[in-house]
Amino acid sequence: MNKYIKIPVLCTVIFLLTAIPVFSQNTIDKLQDNVNLFSETIVKSLPFSSTMGLNWSDAYIGQLFDLPPHFGIGVSAGFTTMPIGSISDLAGMFGYDLPDFKAGFPLPGYTVEARGGGIILPFDIGVKFGIIPESELLSNMMGGAKIKYQLFGADLRYSLINSKVLPVKLSIGLGYNYLSGGISKSLPIDSLSFDFYSAEADTDVSLAVPTPDLGILWKTNTMELKAQISFPLVVITPYAGAGISWAWSEAGYQVKSKIQVNGADITDSMIEDLKGLGVSGITDNGFESILKDDNFNMRLFGGFSLNITVLRIDLTAMYNVMNNGFGFTVGTRFQL
């Protein structure tokens with residue numbers, strides 16, 4: 001390891017805003033240990049979360065220029081989970097104790113998505129996006145928390161079986177997903193500090209972080225190879241699939257605060273000491289630690305759609321093989 005939406009989003013923010021303040025003796029070493037664990041955990045969950053959307057029940061939707069033409073457009077929303085321990089430990093370093101979610105910490109998401117059939121060859125192409133930009137209005141609605149969420153993706157699926165006799169379709173596909181997000185909030189803590197060893201002072205010193213703005217950030221780029229089988233019946237289409245992927249991810253924290261060391265401005269020598277501990281972006285106005293990692297992932301997914309003429313209602317369950325996380329999405333779309 002390298003040392004480094006509406007209702008769903010509201011739920012995540014409520015988790016953060018209703019946390020209980022806690023205080024303890026903190027050190028930069030302990031903070032970095034927690035951010036390392038957080039990054040190790042979340043990089044196994046981010047690629048899984050990025051695969052939300054485009055999990056349509058039909059393994060192949062047909063040719064674009066058939067009569068009728070085969071295409072669809074719709075929306076989906078849901079959540080995936082990641083282990084709660086690393087997030088709780090990192091949040092606790094900044095004075096907050098998150099609730100204990102037994103089933104895992106929920107990462108919500110949504111997509112607007114479209115898929116078009118192939119031309120001559122038996123393939124189809126899908127695209128998806130979901131964006132929640134930072135805004136003053138949304139921040140006021142969320143009690144001062146700032147939210148960022150972006151999800152973009154596309155896939156190409158090639159049909160191996162598209163039986164005209166038996167109700168079965170089988171396809172393989174290649175997809176790309178980009179997911180980034182974060183939650184930040186001003187914390188009502190006046191006396192937060194982190195100790196570290198200063199070579200200049202030849203002793204431990206205290207890094208004061210009064211009334212900090214804390215941001216927890218994440219980002220991933222994922223390439224996925226997947227296979228899916230579906231059984232198109234008249235009013236219901238069951239389906240199942242699996243995907244293996246490689247992801248380039250990063251995650252960490254960002255603190256904005258008028259920092260001081262032992263009541264004085266931080267010196268260049270102390271900045272170098274902190275960099276040696278893995279802290280970066282250090283100025284008089286804050287610091288951060290963003291850790292990076294590349295990793296292999298695998299997921300299973302399946303569910304069914306209800307087919308009402310040209311309307312599809314999809315229910316999908318997903319399982320993260322790498323860390324036993326799970327996810328659920330519900331979607332609706334117009335499809336010919």
# chains A, B, ... in the order shown; residues from 1 in each chain; ligands from 1
call {"tool": "residues_around", "arguments": {"residues": "range 165-172 of chain A", "least_positions_apart": "3", "cutoff": "10 Å", "atoms": "only C-alpha atoms", "output": "VMD selection string"}}
result
chain A and resid 58 to 61 122 to 124 156 to 162 225 to 234 237 to 243
call {"tool": "residues_around", "arguments": {"residues": "Asp190 in chain A", "least_positions_apart": "6", "cutoff": "8 Å", "atoms": "only C-alpha atoms", "output": "list in words"}}
result
Val209, Pro210 and Thr211 of chain A
call {"tool": "select_by_dssp", "arguments": {"residues": "range 23-248 of chain A", "states": "helix (DSSP H, G or I)", "output": "NGL selection string"}}
result
:A and (28-42 or 46-50 or 85-92 or 136-141)
call {"tool": "select_by_dssp", "arguments": {"residues": "range 200-306 of chain A", "states": "strand (DSSP E or B)", "output": "PyMOL selection string"}}
result
chain A and resi 203-208+213-230+236-256+260-261+264+280-283+286-306
call {"tool": "closest_residue", "arguments": {"among": "A:Ser206, A:Asn323, A:Ser198, A:Ser50", "to": "Lys219 in chain A", "atoms": "only C-alpha atoms"}}
result
A:Ser50
call {"tool": "closest_residue", "arguments": {"among": "A:Thr80, A:Gln254, A:Gln150, A:Ser186", "to": "Glu288 in chain A", "atoms": "only C-alpha atoms"}}
result
A:Gln254
call {"tool": "residues_around", "arguments": {"residues": "Asn34 in chain A", "least_positions_apart": "4", "cutoff": "9 Å", "atoms": "only C-alpha atoms", "output": "ChimeraX atom specification"}}
result
/A:29-30,38-39,86-87,89-90,93
call {"tool": "residues_around", "arguments": {"residues": "range 255-271 of chain A", "least_positions_apart": "2", "cutoff": "6 Å", "atoms": "only C-alpha atoms", "output": "PDB file with C-alpha atoms, in the first residue's frame"}}
result
ATOM      1  CA  SER A 198      10.105  19.381  16.031  1.00  0.00           C
ATOM      2  CA  SER A 206       1.664  21.544  19.755  1.00  0.00           C
ATOM      3  CA  LEU A 207       0.026  22.407  16.426  1.00  0.00           C
ATOM      4  CA  ALA A 208      -3.076  24.458  17.326  1.00  0.00           C
ATOM      5  CA  VAL A 209      -6.050  24.121  14.948  1.00  0.00           C
ATOM      6  CA  PRO A 212     -11.241  24.220  11.752  1.00  0.00           C
ATOM      7  CA  ASP A 213     -13.039  23.632   8.484  1.00  0.00           C
ATOM      8  CA  LEU A 214     -12.719  19.869   8.001  1.00  0.00           C
ATOM      9  CA  ASP A 273       8.992  17.931   9.916  1.00  0.00           C
ATOM     10  CA  LEU A 274       5.286  17.634   9.110  1.00  0.00           C
ATOM     11  CA  ASP A 284      -0.495  29.287   7.966  1.00  0.00           C
ATOM     12  CA  ASN A 285      -4.077  28.583   6.836  1.00  0.00           C
ATOM     13  CA  GLY A 286      -4.182  24.799   7.096  1.00  0.00           C
ATOM     14  CA  PHE A 287      -2.866  21.436   5.902  1.00  0.00           C
ATOM     15  CA  GLU A 288      -4.004  18.204   4.241  1.00  0.00           C
TER      16      GLU A 288
END
call {"tool": "residues_around", "arguments": {"residues": "Phe79 in chain A", "least_positions_apart": "4", "cutoff": "8 Å", "atoms": "only C-alpha atoms", "output": "MDAnalysis selection string"}}
result
chainID A and resid 8 49 106:109 327:329
call {"tool": "write_last_selection", "arguments": {"atoms": "N, CA, C and O atoms", "output": "PDB file, in the first residue's frame"}}
result
ATOM      1  N   PRO A   8     -30.631  10.325  -0.123  1.00  0.00           N
ATOM      2  CA  PRO A   8     -29.420   9.670   0.349  1.00  0.00           C
ATOM      3  C   PRO A   8     -28.370  10.642   0.839  1.00  0.00           C
ATOM      4  O   PRO A   8     -27.705  10.399   1.847  1.00  0.00           O
ATOM      5  N   SER A  49     -18.504   1.746  -5.518  1.00  0.00           N
ATOM      6  CA  SER A  49     -19.523   2.792  -5.572  1.00  0.00           C
ATOM      7  C   SER A  49     -19.632   3.412  -6.954  1.00  0.00           C
ATOM      8  O   SER A  49     -20.719   3.815  -7.384  1.00  0.00           O
ATOM      9  N   PRO A 106     -22.824   4.288   4.846  1.00  0.00           N
ATOM     10  CA  PRO A 106     -23.440   4.372   3.524  1.00  0.00           C
ATOM     11  C   PRO A 106     -22.835   5.494   2.670  1.00  0.00           C
ATOM     12  O   PRO A 106     -22.676   6.615   3.114  1.00  0.00           O
ATOM     13  N   LEU A 107     -22.482   5.153   1.433  1.00  0.00           N
ATOM     14  CA  LEU A 107     -22.053   6.134   0.441  1.00  0.00           C
ATOM     15  C   LEU A 107     -23.175   6.251  -0.597  1.00  0.00           C
ATOM     16  O   LEU A 107     -23.349   5.361  -1.425  1.00  0.00           O
ATOM     17  N   PRO A 108     -23.960   7.320  -0.558  1.00  0.00           N
ATOM     18  CA  PRO A 108     -25.096   7.439  -1.471  1.00  0.00           C
ATOM     19  C   PRO A 108     -24.665   7.909  -2.855  1.00  0.00           C
ATOM     20  O   PRO A 108     -23.557   8.425  -3.048  1.00  0.00           O
ATOM     21  N   GLY A 109     -25.538   7.729  -3.824  1.00  0.00           N
ATOM     22  CA  GLY A 109     -25.252   8.187  -5.178  1.00  0.00           C
ATOM     23  C   GLY A 109     -26.496   8.167  -6.051  1.00  0.00           C
ATOM     24  O   GLY A 109     -27.516   7.573  -5.695  1.00  0.00           O
ATOM     25  N   GLY A 327     -24.610  -3.023  -1.818  1.00  0.00           N
ATOM     26  CA  GLY A 327     -25.296  -1.837  -2.300  1.00  0.00           C
ATOM     27  C   GLY A 327     -26.638  -2.181  -2.893  1.00  0.00           C
ATOM     28  O   GLY A 327     -26.889  -3.339  -3.279  1.00  0.00           O
ATOM     29  N   PHE A 328     -27.500  -1.180  -2.934  1.00  0.00           N
ATOM     30  CA  PHE A 328     -28.819  -1.327  -3.550  1.00  0.00           C
ATOM     31  C   PHE A 328     -29.120  -0.085  -4.371  1.00  0.00           C
ATOM     32  O   PHE A 328     -28.782   1.039  -3.957  1.00  0.00           O
ATOM     33  N   THR A 329     -29.727  -0.274  -5.518  1.00  0.00           N
ATOM     34  CA  THR A 329     -30.205   0.850  -6.319  1.00  0.00           C
ATOM     35  C   THR A 329     -31.609   0.556  -6.824  1.00  0.00           C
ATOM     36  O   THR A 329     -31.993  -0.598  -7.012  1.00  0.00           O
TER      37      THR A 329
END
call {"tool": "closest_residue", "arguments": {"among": "A:Ala103, A:Gly117, A:Asn177, A:Val330", "to": "Gly130 in chain A", "atoms": "only C-alpha atoms"}}
result
A:Asn177
call {"tool": "closest_residue", "arguments": {"among": "A:Asn26, A:Asn36, A:Thr316, A:Thr222", "to": "Ala251 in chain A", "atoms": "only C-alpha atoms"}}
result
A:Asn36
call {"tool": "closest_residue", "arguments": {"among": "A:Arg299, A:Phe196, A:Leu217, A:Ser184", "to": "Leu277 in chain A", "atoms": "only C-alpha atoms"}}
result
A:Phe196
call {"tool": "closest_residue", "arguments": {"among": "A:Thr203, A:Thr309, A:Ser180, A:Asn221", "to": "Ser245 in chain A", "atoms": "only C-alpha atoms"}}
result
A:Asn221
call {"tool": "residues_around", "arguments": {"residues": "range 305-307 of chain A", "least_positions_apart": "4", "cutoff": "6 Å", "atoms": "only C-alpha atoms", "output": "list of chain:residue names"}}
result
A:Ser57, A:Val235, A:Ile236, A:Thr237, A:Arg312, A:Ile313, A:Asp314
call {"tool": "residues_around", "arguments": {"residues": "Phe296 in chain A", "least_positions_apart": "6", "cutoff": "10 Å", "atoms": "only C-alpha atoms", "output": "MDAnalysis selection string"}}
result
chainID A and resid 43:44 47 222:224 244:248 322
call {"tool": "atom_distance", "arguments": {"atom1": "CA of Leu67 in chain A", "atom2": "CA of Ala114 in chain A"}}
result
18.8 Å
